Structures are given as C-alpha cells and as structure tokens.
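Asks: Please find model_39.txt (compact mmCIF, C-alpha atoms) on the next line:
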# COMPACT_ATOMS: atom_id res chain seq x y z
CA MET A 995 95.74 110.03 101.93
CA THR A 996 97.28 106.76 103.11
CA LEU A 997 95.96 105.38 106.39
CA PRO A 998 98.55 105.44 109.21
CA PRO A 999 99.73 101.86 109.91
CA SER A 1000 98.22 102.00 113.43
CA ALA A 1001 94.80 102.88 112.01
CA ARG A 1002 95.10 100.16 109.40
CA ALA A 1003 95.97 97.63 112.10
CA LEU A 1004 92.90 98.59 114.15
CA ILE A 1005 90.58 98.19 111.16
CA GLU A 1006 92.14 94.85 110.18
CA SER A 1007 91.73 93.58 113.76
CA GLY A 1008 88.00 93.19 113.14
CA ARG A 1009 86.55 96.13 115.05
CA LEU A 1010 83.10 97.02 113.75
CA ALA A 1011 82.81 100.16 111.59
CA HIS A 1012 80.15 102.78 112.34
CA LEU A 1013 79.40 104.34 108.93
CA GLY A 1014 77.80 107.79 108.99
CA THR A 1015 76.02 109.28 105.99
CA THR A 1016 73.33 111.95 105.55
CA ASN A 1017 69.73 111.13 104.63
CA ALA A 1018 67.81 113.02 101.92
CA ASP A 1019 65.96 115.00 104.60
CA GLY A 1020 69.27 116.08 106.22
CA SER A 1021 69.00 113.75 109.20
CA PRO A 1022 72.03 111.62 110.13
CA GLN A 1023 72.23 107.90 109.28
CA VAL A 1024 74.59 105.42 110.96
CA SER A 1025 75.03 101.75 110.00
CA VAL A 1026 77.31 99.33 111.84
CA VAL A 1027 79.19 97.24 109.27
CA TRP A 1028 82.19 95.03 108.57
CA ALA A 1029 85.11 96.89 106.97
CA GLY A 1030 88.31 95.84 105.23
CA ILE A 1031 91.26 97.46 103.50
CA ASP A 1032 91.93 97.46 99.75
CA GLY A 1033 95.09 99.38 98.83
CA ASP A 1034 94.62 102.78 100.53
CA ASP A 1035 90.83 102.50 100.67
CA ILE A 1036 88.45 101.19 103.29
CA VAL A 1037 86.00 98.73 101.71
CA ILE A 1038 82.51 97.78 102.85
CA ALA A 1039 80.12 95.30 101.22
CA HIS A 1040 76.40 95.84 100.92
CA MET A 1041 74.02 93.23 99.51
CA GLY A 1042 70.96 95.39 98.94
CA SER A 1043 70.22 99.01 98.23
CA GLY A 1044 69.55 100.30 101.73
CA ALA A 1045 69.66 103.82 103.11
CA LYS A 1046 73.45 104.06 103.19
CA VAL A 1047 73.77 103.14 99.49
CA ARG A 1048 71.09 105.64 98.45
CA ASN A 1049 72.75 108.30 100.62
CA ILE A 1050 76.19 107.69 99.10
CA VAL A 1051 74.78 107.95 95.56
CA ARG A 1052 73.38 111.36 96.48
CA ASP A 1053 76.34 112.58 98.58
CA PRO A 1054 79.61 110.62 98.79
CA ARG A 1055 80.87 112.29 101.98
CA VAL A 1056 81.08 109.71 104.79
CA VAL A 1057 82.54 109.34 108.27
CA ILE A 1058 83.56 105.96 109.68
CA SER A 1059 84.25 105.56 113.41
CA PHE A 1060 85.81 102.67 115.30
CA ASP A 1061 86.44 102.10 118.98
CA SER A 1062 89.30 100.08 120.44
CA GLU A 1063 90.11 98.01 123.51
CA GLU A 1064 93.36 100.03 123.88
CA ALA A 1065 93.23 103.01 126.22
CA ASN A 1066 95.33 106.11 126.87
CA GLU A 1067 97.18 106.83 130.15
CA ILE A 1068 94.02 107.98 131.96
CA GLY A 1069 92.00 104.96 130.85
CA MET A 1070 90.05 106.52 127.99
CA LYS A 1071 89.61 104.05 125.14
CA HIS A 1072 91.15 104.89 121.78
CA THR A 1073 88.80 105.89 118.97
CA LEU A 1074 89.45 106.25 115.25
CA ILE A 1075 87.45 108.66 113.10
CA VAL A 1076 87.98 108.45 109.34
CA HIS A 1077 86.57 111.04 106.96
CA GLY A 1078 86.35 110.11 103.31
CA GLU A 1079 84.68 110.05 99.94
CA ALA A 1080 82.74 106.92 99.07
CA MET A 1081 82.54 105.36 95.64
CA LEU A 1082 80.04 102.62 94.85
CA THR A 1083 81.00 99.76 92.56
CA PRO A 1084 78.40 97.19 91.53
CA GLY A 1085 79.02 93.52 92.28
CA GLY A 1086 81.47 91.73 94.55
CA ALA A 1087 79.53 92.00 97.80
CA PRO A 1088 79.14 88.25 98.55
CA GLU A 1089 82.88 87.68 97.95
CA LEU A 1090 83.94 90.60 100.18
CA LEU A 1091 81.49 89.54 102.93
CA GLN A 1092 82.93 86.02 102.85
CA GLN A 1093 86.47 87.44 103.11
CA LEU A 1094 85.49 89.72 106.02
CA ALA A 1095 83.62 86.90 107.80
CA ARG A 1096 87.03 85.28 108.38
CA VAL A 1097 88.07 88.41 110.28
CA TYR A 1098 84.79 89.28 112.01
CA VAL A 1099 83.34 85.83 112.77
CA SER A 1100 86.18 83.28 112.83
CA PRO A 1101 89.18 82.31 110.65
CA ASP A 1102 87.27 79.35 109.18
CA ALA A 1103 83.85 81.03 108.89
CA VAL A 1104 81.79 80.15 105.83
CA LEU A 1105 78.76 82.35 105.25
CA PRO A 1106 75.53 80.49 104.52
CA PRO A 1107 74.98 80.53 100.75
CA PHE A 1108 72.42 82.94 99.39
CA PRO A 1109 69.79 80.95 97.42
CA ASP A 1110 69.95 83.46 94.56
CA PRO A 1111 72.82 85.76 95.49
CA PRO A 1112 72.42 89.37 94.39
CA PRO A 1113 75.82 90.83 93.41
CA GLY A 1114 75.28 93.85 95.68
CA HIS A 1115 77.74 96.72 95.90
CA VAL A 1116 81.20 97.34 97.28
CA ILE A 1117 81.69 100.76 98.86
CA HIS A 1118 85.26 102.04 98.44
CA VAL A 1119 86.08 104.90 100.80
CA ARG A 1120 89.00 107.13 99.83
CA VAL A 1121 90.38 108.52 103.09
CA THR A 1122 90.67 112.32 103.33
CA ARG A 1123 91.22 112.86 107.07
CA VAL A 1124 91.92 110.77 110.19
CA GLY A 1125 91.15 111.81 113.77
CA GLY A 1126 90.06 110.53 117.16
CA VAL A 1127 92.16 109.49 120.14
CA GLY A 1128 95.10 107.13 119.53
CA PRO A 1129 98.47 106.84 117.81
CA TRP A 1130 96.88 107.64 114.40
CA ALA A 1131 95.86 111.09 115.70
CA GLU A 1132 99.32 112.14 116.91
CA GLY A 1133 101.97 114.21 115.14
CA MET B 1164 59.63 105.86 123.73
CA THR B 1165 61.12 103.87 126.57
CA LEU B 1166 64.34 101.99 125.81
CA PRO B 1167 63.93 98.19 125.88
CA PRO B 1168 65.63 96.80 129.03
CA SER B 1169 68.15 94.91 126.86
CA ALA B 1170 69.20 98.13 125.11
CA ARG B 1171 69.43 99.93 128.42
CA ALA B 1172 71.65 97.18 129.81
CA LEU B 1173 74.01 97.41 126.83
CA ILE B 1174 74.38 101.17 127.23
CA GLU B 1175 74.91 100.90 130.98
CA SER B 1176 77.61 98.25 130.44
CA GLY B 1177 79.97 100.98 129.26
CA ARG B 1178 80.04 100.42 125.50
CA LEU B 1179 81.15 103.56 123.69
CA ALA B 1180 78.45 105.56 121.88
CA HIS B 1181 78.94 106.67 118.27
CA LEU B 1182 76.92 109.89 117.99
CA GLY B 1183 75.93 110.92 114.47
CA THR B 1184 74.80 114.45 113.61
CA THR B 1185 74.74 116.51 110.40
CA ASN B 1186 77.16 119.38 109.75
CA ALA B 1187 76.01 122.77 108.39
CA ASP B 1188 77.27 121.81 104.92
CA GLY B 1189 75.21 118.57 104.97
CA SER B 1190 78.18 116.26 105.56
CA PRO B 1191 77.91 113.63 108.30
CA GLN B 1192 79.62 114.06 111.70
CA VAL B 1193 80.35 111.19 114.12
CA SER B 1194 81.82 111.58 117.64
CA VAL B 1195 82.63 108.63 119.91
CA VAL B 1196 81.47 109.49 123.43
CA TRP B 1197 80.52 108.17 126.85
CA ALA B 1198 76.77 107.76 127.34
CA GLY B 1199 74.51 107.18 130.33
CA ILE B 1200 70.82 106.86 131.06
CA ASP B 1201 68.64 109.46 132.81
CA GLY B 1202 65.01 108.35 133.09
CA ASP B 1203 64.05 107.40 129.52
CA ASP B 1204 66.75 109.56 127.93
CA ILE B 1205 70.31 108.84 126.86
CA VAL B 1206 72.65 111.49 128.30
CA ILE B 1207 76.02 112.64 126.99
CA ALA B 1208 78.32 115.30 128.49
CA HIS B 1209 80.26 117.81 126.45
CA MET B 1210 82.73 120.26 127.99
CA GLY B 1211 83.17 122.63 125.07
CA SER B 1212 81.13 123.79 122.12
CA GLY B 1213 82.42 121.44 119.43
CA ALA B 1214 80.89 120.39 116.15
CA LYS B 1215 78.30 118.06 117.67
CA VAL B 1216 76.94 120.77 119.97
CA ARG B 1217 76.70 123.31 117.13
CA ASN B 1218 75.04 120.66 114.95
CA ILE B 1219 72.45 119.79 117.61
CA VAL B 1220 71.57 123.46 118.11
CA ARG B 1221 70.86 123.70 114.38
CA ASP B 1222 69.19 120.28 113.97
CA PRO B 1223 68.33 118.09 116.97
CA ARG B 1224 67.98 114.84 115.01
CA VAL B 1225 70.69 112.38 116.08
CA VAL B 1226 71.58 108.70 115.71
CA ILE B 1227 73.59 106.84 118.33
CA SER B 1228 75.10 103.44 117.54
CA PHE B 1229 76.71 100.89 119.84
CA ASP B 1230 78.34 97.56 119.18
CA SER B 1231 78.37 94.61 121.56
CA GLU B 1232 80.51 91.60 122.43
CA GLU B 1233 77.38 89.42 122.17
CA ALA B 1234 76.74 87.73 118.84
CA ASN B 1235 73.83 86.05 117.08
CA GLU B 1236 73.71 82.36 116.11
CA ILE B 1237 75.91 82.85 113.03
CA GLY B 1238 78.53 84.84 114.94
CA MET B 1239 77.52 88.35 113.87
CA LYS B 1240 77.97 90.81 116.73
CA HIS B 1241 74.91 92.59 118.07
CA THR B 1242 74.53 96.28 117.26
CA LEU B 1243 72.17 98.87 118.69
CA ILE B 1244 71.02 101.88 116.66
CA VAL B 1245 69.05 104.55 118.53
CA HIS B 1246 67.32 107.39 116.72
CA GLY B 1247 66.33 110.40 118.76
CA GLU B 1248 65.89 114.09 119.32
CA ALA B 1249 68.63 115.84 121.26
CA MET B 1250 68.11 118.65 123.74
CA LEU B 1251 71.01 120.69 125.06
CA THR B 1252 71.05 121.83 128.67
CA PRO B 1253 73.81 124.14 129.91
CA GLY B 1254 75.96 123.03 132.85
CA GLY B 1255 76.48 119.68 134.54
CA ALA B 1256 79.10 118.26 132.17
CA PRO B 1257 81.95 117.77 134.70
CA GLU B 1258 79.58 115.98 137.11
CA LEU B 1259 78.18 113.67 134.42
CA LEU B 1260 81.66 112.90 133.08
CA GLN B 1261 82.82 111.97 136.59
CA GLN B 1262 79.77 109.69 136.99
CA LEU B 1263 80.40 108.04 133.60
CA ALA B 1264 84.13 107.63 134.30
CA ARG B 1265 83.13 105.07 136.97
CA VAL B 1266 81.48 103.04 134.20
CA TYR B 1267 83.88 103.65 131.32
CA VAL B 1268 87.25 103.80 133.12
CA SER B 1269 86.97 101.95 136.47
CA PRO B 1270 84.59 101.86 139.44
CA ASP B 1271 86.93 104.08 141.49
CA ALA B 1272 88.01 106.41 138.68
CA VAL B 1273 88.46 110.05 139.60
CA LEU B 1274 88.83 112.43 136.66
CA PRO B 1275 91.73 114.90 136.94
CA PRO B 1276 90.30 118.23 138.11
CA PHE B 1277 89.88 120.93 135.51
CA PRO B 1278 91.88 124.00 136.63
CA ASP B 1279 88.96 126.30 135.81
CA PRO B 1280 86.14 123.91 134.94
CA PRO B 1281 83.72 125.14 132.31
CA PRO B 1282 80.17 123.97 133.08
CA GLY B 1283 79.77 122.57 129.54
CA HIS B 1284 76.55 121.03 128.31
CA VAL B 1285 74.55 117.87 128.89
CA ILE B 1286 72.91 116.43 125.77
CA HIS B 1287 69.62 114.65 126.57
CA VAL B 1288 68.47 112.38 123.76
CA ARG B 1289 64.78 111.48 123.70
CA VAL B 1290 64.57 108.10 121.98
CA THR B 1291 62.21 107.88 119.00
CA ARG B 1292 63.26 104.56 117.38
CA VAL B 1293 65.49 101.59 118.18
CA GLY B 1294 67.03 99.21 115.62
CA GLY B 1295 70.08 97.13 114.83
CA VAL B 1296 70.72 93.45 115.49
CA GLY B 1297 69.94 92.09 118.96
CA PRO B 1298 67.15 91.44 121.45
CA TRP B 1299 66.12 95.13 121.36
CA ALA B 1300 65.30 94.82 117.64
CA GLU B 1301 63.00 91.81 117.96
CA GLY B 1302 59.23 91.72 118.26
Is it possible to express this structure as structure tokens?

Replies:
Amino acid sequence: MTLPPSARALIESGRLAHLGTTNADGSPQVSVVWAGIDGDDIVIAHMGSGAKVRNIVRDPRVVISFDSEEANEIGMKHTLIVHGEAMLTPGGAPELLQQLARVYVSPDAVLPPFPDPPPGHVIHVRVTRVGGVGPWAEG
Amino acid sequence: MTLPPSARALIESGRLAHLGTTNADGSPQVSVVWAGIDGDDIVIAHMGSGAKVRNIVRDPRVVISFDSEEANEIGMKHTLIVHGEAMLTPGGAPELLQQLARVYVSPDAVLPPFPDPPPGHVIHVRVTRVGGVGPWAEG
C-alpha cells in the first residue's frame, strides 16, 4: 500500500523509527534507527550484520513504530505503527546514512568517513498496514 | 537488575515506550504506551485484552525502547533499549493510567471517567538487560 501523506510527513520529519523483528528463539527484538522514504517503501540503512538483519533474512515481517510531538484533543501524543515486509539489498548503506544524517542530525551534517567503509545493507520495507493514533489511522 | 538512574530518569520524563512482543504466528508486535516505574520494575497499564496482553500471557519476553531529545557528540539521539520479563496482574489499570496522565499529558490532567470502568491489567516488567546509546549503556 501507499503510505498516507500524513504518515509520510511524520517519517520525513526525522522522528526515530523503532524497528521490531523476531529473534530465532521467538523473543522480540527492537532497534531504534533512522528511516527514510523511497517511492512507497520505508528505507533503513545498516552497516553490519546485526540481529535485525539476521532476523529479516529468516522472517521478513517487521513492525516500525514512531511517536510524534502532535497530540489528540485529550493530550495523548500521536503514534504511527507501520506493518510491512522487509527486503534486504546489499550495498548503499553509507550513502543512505549520509542522506538521513541531514534529516536526523542537521541539514549540513557530514558523517565521519569510515576508514574502510563496508557497503552494508539497505532494508526496504513494503508497507502492508498502517495503524496507531493520528490522521493516518482515520477513515 | 536495577535500572541505571539515567535510564530511570528518561522513563520518568514521560518519553513514550515502544513495547515489543511476539505474536502467536511469530510476527513482531509493537505498541506505543505510557510507562512508569514501580520499585525496580517498569509498569504499563492496559484496559482491555489486546494483542500485547495475549502475547505476554503466551511468552513473557518483551523489549521496550525509548528515544530521547539528548544526543551524543556527533548529534545522534540517545536511545534506551530495555529487555525484560513481563508479569500480568489483574486490576489497577485505570489508577495507573490516571497517575501516568500527570506525566504524559500535564501535571493536572484528569482522565475522562470510564462509564463502567474495566479493571484492566498492569504489566510489570522485570528488567534483565539495558542497551542502546546513552549514559545507561556505558561502563
């Protein structure tokens, strides 16, 4: 599905993404990461081969949650929950991290160079369902 | 384990908690919730019997993640990841929600009364491991 424009705007505003996957032993795993938008997908860069990458290789089902500074009429903050299927593509992680640093750190942020940069992975998440509390969850 | 004072302070500052559990089919579940501290435990109130409660009954392993407005020296925001074992106790949810509303909404917040308040559940999370990026992850 296509992300509602309100959800897209929240993600592009630089709110951190809480990425949930499932470990091999069935326990839950959550990483807090930078996220961007590529077409209809949410994209996340990963330099190594940590737990979330191994989990996605085994089971591509993911949930990504965001909170917001906006609140509803009784003062409860908006939250965005995105369900999706993750696809791992090799390479491109340093470039995507540099692009996201301009959103998450500052518009002129330059990441320190890696001495011998590994290409890493980009995680593309195809969105299957959107929930939470906010304009993206209405109608 | 006992939460490091820095982690405790972050939680008590009213940052939203991203609670990760595992669904019956092995897919990840994340809910964004209010969280408080009771002794050494993190406490979360739930009025109904939604997915996270059913998941915890089946498998008590949870992860709770928080982000922070504080950042490290290169501008990356601090994040707190708490691993733990959840225990469900019946009752007490409306009272805990009212207490947390004073942190998460405003110091004089009064939640609208439930017409026929269900007692709900309180989720106590015994902390087993703390990670992320921030003072709680050092040393």

Asks: What does chain A look like after a least-squares fit onto chain B on every Cα paired in order, written as a JSON list (two decimals) with C-alpha atoms, in the frame of the given file?

Replies:
[["chain", "number", "residue", "atom", "x", "y", "z"],
["A", 995, "MET", "CA", 59.62, 105.86, 123.71],
["A", 996, "THR", "CA", 61.13, 103.87, 126.58],
["A", 997, "LEU", "CA", 64.34, 102.00, 125.81],
["A", 998, "PRO", "CA", 63.93, 98.19, 125.88],
["A", 999, "PRO", "CA", 65.63, 96.80, 129.02],
["A", 1000, "SER", "CA", 68.17, 94.90, 126.85],
["A", 1001, "ALA", "CA", 69.21, 98.12, 125.11],
["A", 1002, "ARG", "CA", 69.43, 99.93, 128.42],
["A", 1003, "ALA", "CA", 71.64, 97.16, 129.81],
["A", 1004, "LEU", "CA", 74.01, 97.41, 126.84],
["A", 1005, "ILE", "CA", 74.38, 101.17, 127.23],
["A", 1006, "GLU", "CA", 74.91, 100.90, 130.99],
["A", 1007, "SER", "CA", 77.60, 98.24, 130.44],
["A", 1008, "GLY", "CA", 79.98, 100.97, 129.27],
["A", 1009, "ARG", "CA", 80.04, 100.42, 125.51],
["A", 1010, "LEU", "CA", 81.15, 103.56, 123.70],
["A", 1011, "ALA", "CA", 78.45, 105.57, 121.89],
["A", 1012, "HIS", "CA", 78.96, 106.66, 118.28],
["A", 1013, "LEU", "CA", 76.93, 109.89, 117.99],
["A", 1014, "GLY", "CA", 75.92, 110.93, 114.47],
["A", 1015, "THR", "CA", 74.80, 114.44, 113.61],
["A", 1016, "THR", "CA", 74.74, 116.51, 110.40],
["A", 1017, "ASN", "CA", 77.15, 119.38, 109.74],
["A", 1018, "ALA", "CA", 76.01, 122.76, 108.38],
["A", 1019, "ASP", "CA", 77.27, 121.80, 104.91],
["A", 1020, "GLY", "CA", 75.21, 118.56, 104.96],
["A", 1021, "SER", "CA", 78.17, 116.26, 105.55],
["A", 1022, "PRO", "CA", 77.91, 113.62, 108.30],
["A", 1023, "GLN", "CA", 79.62, 114.05, 111.69],
["A", 1024, "VAL", "CA", 80.35, 111.20, 114.12],
["A", 1025, "SER", "CA", 81.82, 111.57, 117.63],
["A", 1026, "VAL", "CA", 82.65, 108.65, 119.91],
["A", 1027, "VAL", "CA", 81.49, 109.50, 123.44],
["A", 1028, "TRP", "CA", 80.54, 108.17, 126.86],
["A", 1029, "ALA", "CA", 76.78, 107.76, 127.34],
["A", 1030, "GLY", "CA", 74.52, 107.19, 130.33],
["A", 1031, "ILE", "CA", 70.82, 106.86, 131.07],
["A", 1032, "ASP", "CA", 68.64, 109.45, 132.82],
["A", 1033, "GLY", "CA", 65.01, 108.35, 133.10],
["A", 1034, "ASP", "CA", 64.06, 107.39, 129.52],
["A", 1035, "ASP", "CA", 66.76, 109.55, 127.93],
["A", 1036, "ILE", "CA", 70.31, 108.84, 126.87],
["A", 1037, "VAL", "CA", 72.65, 111.49, 128.30],
["A", 1038, "ILE", "CA", 76.02, 112.64, 127.01],
["A", 1039, "ALA", "CA", 78.31, 115.30, 128.51],
["A", 1040, "HIS", "CA", 80.27, 117.79, 126.47],
["A", 1041, "MET", "CA", 82.74, 120.26, 127.99],
["A", 1042, "GLY", "CA", 83.17, 122.63, 125.07],
["A", 1043, "SER", "CA", 81.14, 123.76, 122.11],
["A", 1044, "GLY", "CA", 82.43, 121.42, 119.42],
["A", 1045, "ALA", "CA", 80.88, 120.37, 116.13],
["A", 1046, "LYS", "CA", 78.31, 118.04, 117.66],
["A", 1047, "VAL", "CA", 76.94, 120.77, 119.97],
["A", 1048, "ARG", "CA", 76.70, 123.30, 117.13],
["A", 1049, "ASN", "CA", 75.02, 120.66, 114.94],
["A", 1050, "ILE", "CA", 72.45, 119.79, 117.60],
["A", 1051, "VAL", "CA", 71.57, 123.47, 118.10],
["A", 1052, "ARG", "CA", 70.86, 123.70, 114.38],
["A", 1053, "ASP", "CA", 69.17, 120.28, 113.97],
["A", 1054, "PRO", "CA", 68.31, 118.08, 116.97],
["A", 1055, "ARG", "CA", 67.97, 114.84, 114.99],
["A", 1056, "VAL", "CA", 70.69, 112.37, 116.07],
["A", 1057, "VAL", "CA", 71.57, 108.71, 115.71],
["A", 1058, "ILE", "CA", 73.59, 106.85, 118.34],
["A", 1059, "SER", "CA", 75.11, 103.44, 117.55],
["A", 1060, "PHE", "CA", 76.71, 100.89, 119.85],
["A", 1061, "ASP", "CA", 78.35, 97.56, 119.18],
["A", 1062, "SER", "CA", 78.38, 94.60, 121.56],
["A", 1063, "GLU", "CA", 80.52, 91.59, 122.41],
["A", 1064, "GLU", "CA", 77.36, 89.41, 122.16],
["A", 1065, "ALA", "CA", 76.74, 87.73, 118.82],
["A", 1066, "ASN", "CA", 73.81, 86.05, 117.07],
["A", 1067, "GLU", "CA", 73.70, 82.35, 116.09],
["A", 1068, "ILE", "CA", 75.90, 82.84, 113.02],
["A", 1069, "GLY", "CA", 78.52, 84.84, 114.92],
["A", 1070, "MET", "CA", 77.52, 88.35, 113.87],
["A", 1071, "LYS", "CA", 77.97, 90.80, 116.73],
["A", 1072, "HIS", "CA", 74.91, 92.59, 118.06],
["A", 1073, "THR", "CA", 74.53, 96.28, 117.25],
["A", 1074, "LEU", "CA", 72.17, 98.87, 118.70],
["A", 1075, "ILE", "CA", 71.02, 101.87, 116.67],
["A", 1076, "VAL", "CA", 69.06, 104.55, 118.53],
["A", 1077, "HIS", "CA", 67.32, 107.39, 116.72],
["A", 1078, "GLY", "CA", 66.33, 110.40, 118.76],
["A", 1079, "GLU", "CA", 65.89, 114.10, 119.33],
["A", 1080, "ALA", "CA", 68.63, 115.85, 121.27],
["A", 1081, "MET", "CA", 68.11, 118.65, 123.74],
["A", 1082, "LEU", "CA", 71.01, 120.69, 125.07],
["A", 1083, "THR", "CA", 71.04, 121.84, 128.68],
["A", 1084, "PRO", "CA", 73.80, 124.13, 129.92],
["A", 1085, "GLY", "CA", 75.95, 123.03, 132.85],
["A", 1086, "GLY", "CA", 76.49, 119.68, 134.54],
["A", 1087, "ALA", "CA", 79.09, 118.27, 132.18],
["A", 1088, "PRO", "CA", 81.95, 117.77, 134.71],
["A", 1089, "GLU", "CA", 79.58, 115.98, 137.13],
["A", 1090, "LEU", "CA", 78.17, 113.66, 134.43],
["A", 1091, "LEU", "CA", 81.67, 112.90, 133.09],
["A", 1092, "GLN", "CA", 82.81, 111.98, 136.59],
["A", 1093, "GLN", "CA", 79.78, 109.69, 137.00],
["A", 1094, "LEU", "CA", 80.39, 108.04, 133.61],
["A", 1095, "ALA", "CA", 84.13, 107.64, 134.31],
["A", 1096, "ARG", "CA", 83.15, 105.07, 136.96],
["A", 1097, "VAL", "CA", 81.48, 103.04, 134.21],
["A", 1098, "TYR", "CA", 83.89, 103.66, 131.34],
["A", 1099, "VAL", "CA", 87.26, 103.81, 133.13],
["A", 1100, "SER", "CA", 86.97, 101.96, 136.46],
["A", 1101, "PRO", "CA", 84.59, 101.86, 139.46],
["A", 1102, "ASP", "CA", 86.93, 104.08, 141.50],
["A", 1103, "ALA", "CA", 88.01, 106.43, 138.69],
["A", 1104, "VAL", "CA", 88.46, 110.08, 139.61],
["A", 1105, "LEU", "CA", 88.85, 112.44, 136.67],
["A", 1106, "PRO", "CA", 91.73, 114.90, 136.94],
["A", 1107, "PRO", "CA", 90.31, 118.24, 138.10],
["A", 1108, "PHE", "CA", 89.90, 120.95, 135.51],
["A", 1109, "PRO", "CA", 91.90, 124.03, 136.64],
["A", 1110, "ASP", "CA", 88.96, 126.31, 135.81],
["A", 1111, "PRO", "CA", 86.14, 123.92, 134.94],
["A", 1112, "PRO", "CA", 83.72, 125.17, 132.30],
["A", 1113, "PRO", "CA", 80.18, 123.96, 133.08],
["A", 1114, "GLY", "CA", 79.77, 122.58, 129.55],
["A", 1115, "HIS", "CA", 76.54, 121.02, 128.31],
["A", 1116, "VAL", "CA", 74.56, 117.86, 128.89],
["A", 1117, "ILE", "CA", 72.92, 116.43, 125.78],
["A", 1118, "HIS", "CA", 69.63, 114.66, 126.57],
["A", 1119, "VAL", "CA", 68.47, 112.39, 123.76],
["A", 1120, "ARG", "CA", 64.78, 111.48, 123.71],
["A", 1121, "VAL", "CA", 64.56, 108.10, 121.98],
["A", 1122, "THR", "CA", 62.20, 107.87, 118.99],
["A", 1123, "ARG", "CA", 63.25, 104.57, 117.38],
["A", 1124, "VAL", "CA", 65.50, 101.58, 118.17],
["A", 1125, "GLY", "CA", 67.03, 99.23, 115.61],
["A", 1126, "GLY", "CA", 70.08, 97.13, 114.83],
["A", 1127, "VAL", "CA", 70.72, 93.45, 115.49],
["A", 1128, "GLY", "CA", 69.94, 92.09, 118.97],
["A", 1129, "PRO", "CA", 67.13, 91.43, 121.42],
["A", 1130, "TRP", "CA", 66.10, 95.13, 121.36],
["A", 1131, "ALA", "CA", 65.29, 94.83, 117.63],
["A", 1132, "GLU", "CA", 62.97, 91.82, 117.93],
["A", 1133, "GLY", "CA", 59.18, 91.71, 118.18]]

Asks: May I have the residues of chain A within 7 Å of chain B, counting all atoms listed in the file, written as a PDB file with C-alpha atoms, keeping the file's coordinate frame?

Replies:
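Output file result.pdb is given in full below:
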ATOM      1  CA  GLY A1014      77.800 107.790 108.990  1.00  0.00           C
ATOM      2  CA  THR A1015      76.020 109.280 105.990  1.00  0.00           C
ATOM      3  CA  THR A1016      73.330 111.950 105.550  1.00  0.00           C
ATOM      4  CA  GLY A1020      69.270 116.080 106.220  1.00  0.00           C
ATOM      5  CA  SER A1021      69.000 113.750 109.200  1.00  0.00           C
ATOM      6  CA  PRO A1022      72.030 111.620 110.130  1.00  0.00           C
ATOM      7  CA  GLN A1023      72.230 107.900 109.280  1.00  0.00           C
ATOM      8  CA  VAL A1024      74.590 105.420 110.960  1.00  0.00           C
ATOM      9  CA  VAL A1026      77.310  99.330 111.840  1.00  0.00           C
ATOM     10  CA  ARG A1055      80.870 112.290 101.980  1.00  0.00           C
ATOM     11  CA  VAL A1056      81.080 109.710 104.790  1.00  0.00           C
ATOM     12  CA  VAL A1057      82.540 109.340 108.270  1.00  0.00           C
ATOM     13  CA  SER A1059      84.250 105.560 113.410  1.00  0.00           C
ATOM     14  CA  GLY A1069      92.000 104.960 130.850  1.00  0.00           C
ATOM     15  CA  MET A1070      90.050 106.520 127.990  1.00  0.00           C
ATOM     16  CA  THR A1073      88.800 105.890 118.970  1.00  0.00           C
ATOM     17  CA  VAL A1099      83.340  85.830 112.770  1.00  0.00           C
TER      18      VAL A1099
END

Asks: Residues within 8 Å of range 1248-1257 of chain B, please, as a PyMOL selection string. Count only C-alpha atoms; anything in the same chain fewer than 2 positions from it doesn't count.

Replies: chain B and resi 1208-1210+1216+1219-1220+1223-1225+1246+1259-1261+1280-1291

Asks: Go ahead and compute the interatomic distance for CA of Glu1236 in chain B and CA of Glu1301 in chain B, in Å to one decimal.

Replies: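 Pair CA of Glu1236 in chain B / CA of Glu1301 in chain B returns 14.4 Å.
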
Asks: Of the residues A:Val1037, A:Val1124, A:Ala1131, A:Ala1029, which is the one nearest to Met995 in chain A, using only C-alpha atoms?

Replies: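 Ranking A:Val1037, A:Val1124, A:Ala1131, A:Ala1029 by distance to Met995 in chain A, first place goes to A:Val1124.
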
Asks: CA of Val1097 in chain A and CA of Glu1064 in chain A, how far apart in Å?

Replies: 18.7 Å

Asks: Kindly give the distance, in Å, that separates CA of Leu1094 in chain A and CA of Gly1030 in chain A, rounded to a single decimal.

Replies: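 So the answer is 6.8 Å.
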
Asks: Using only C-alpha atoms, which of B:Asp1204, B:Arg1221, B:Asp1279, B:Gln1262 sits nearest Gly1247 in chain B?

Replies: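 Result for the nearest residue to Gly1247 in chain B: B:Asp1204.
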
Asks: Which residue is closest to Gly1297 in chain B? Choose from B:Ser1212, B:Asn1218, B:Asn1235, B:Ser1176 and count all atoms listed in the file.

Replies: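 Of all the options, B:Asn1235 lies closest to Gly1297 in chain B.
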
Asks: Give the centre and edge lengths of an axis-aligned box, in Å to one decimal, that holds all listed atoms of range 1003-1021 of chain A with 4 Å on each side, as lines of an AutoDock Vina configuration file.

Replies:
center_x = 81.0
center_y = 104.6
center_z = 108.5
size_x = 38.0
size_y = 30.9
size_z = 21.1

Asks: Please determine, counting all atoms listed in the file, which residue among A:Leu997, A:Arg1002, A:Pro1107, A:Glu1089 has the shortest atom-to-atom distance to Ile1038 in chain A.

Replies: A:Glu1089
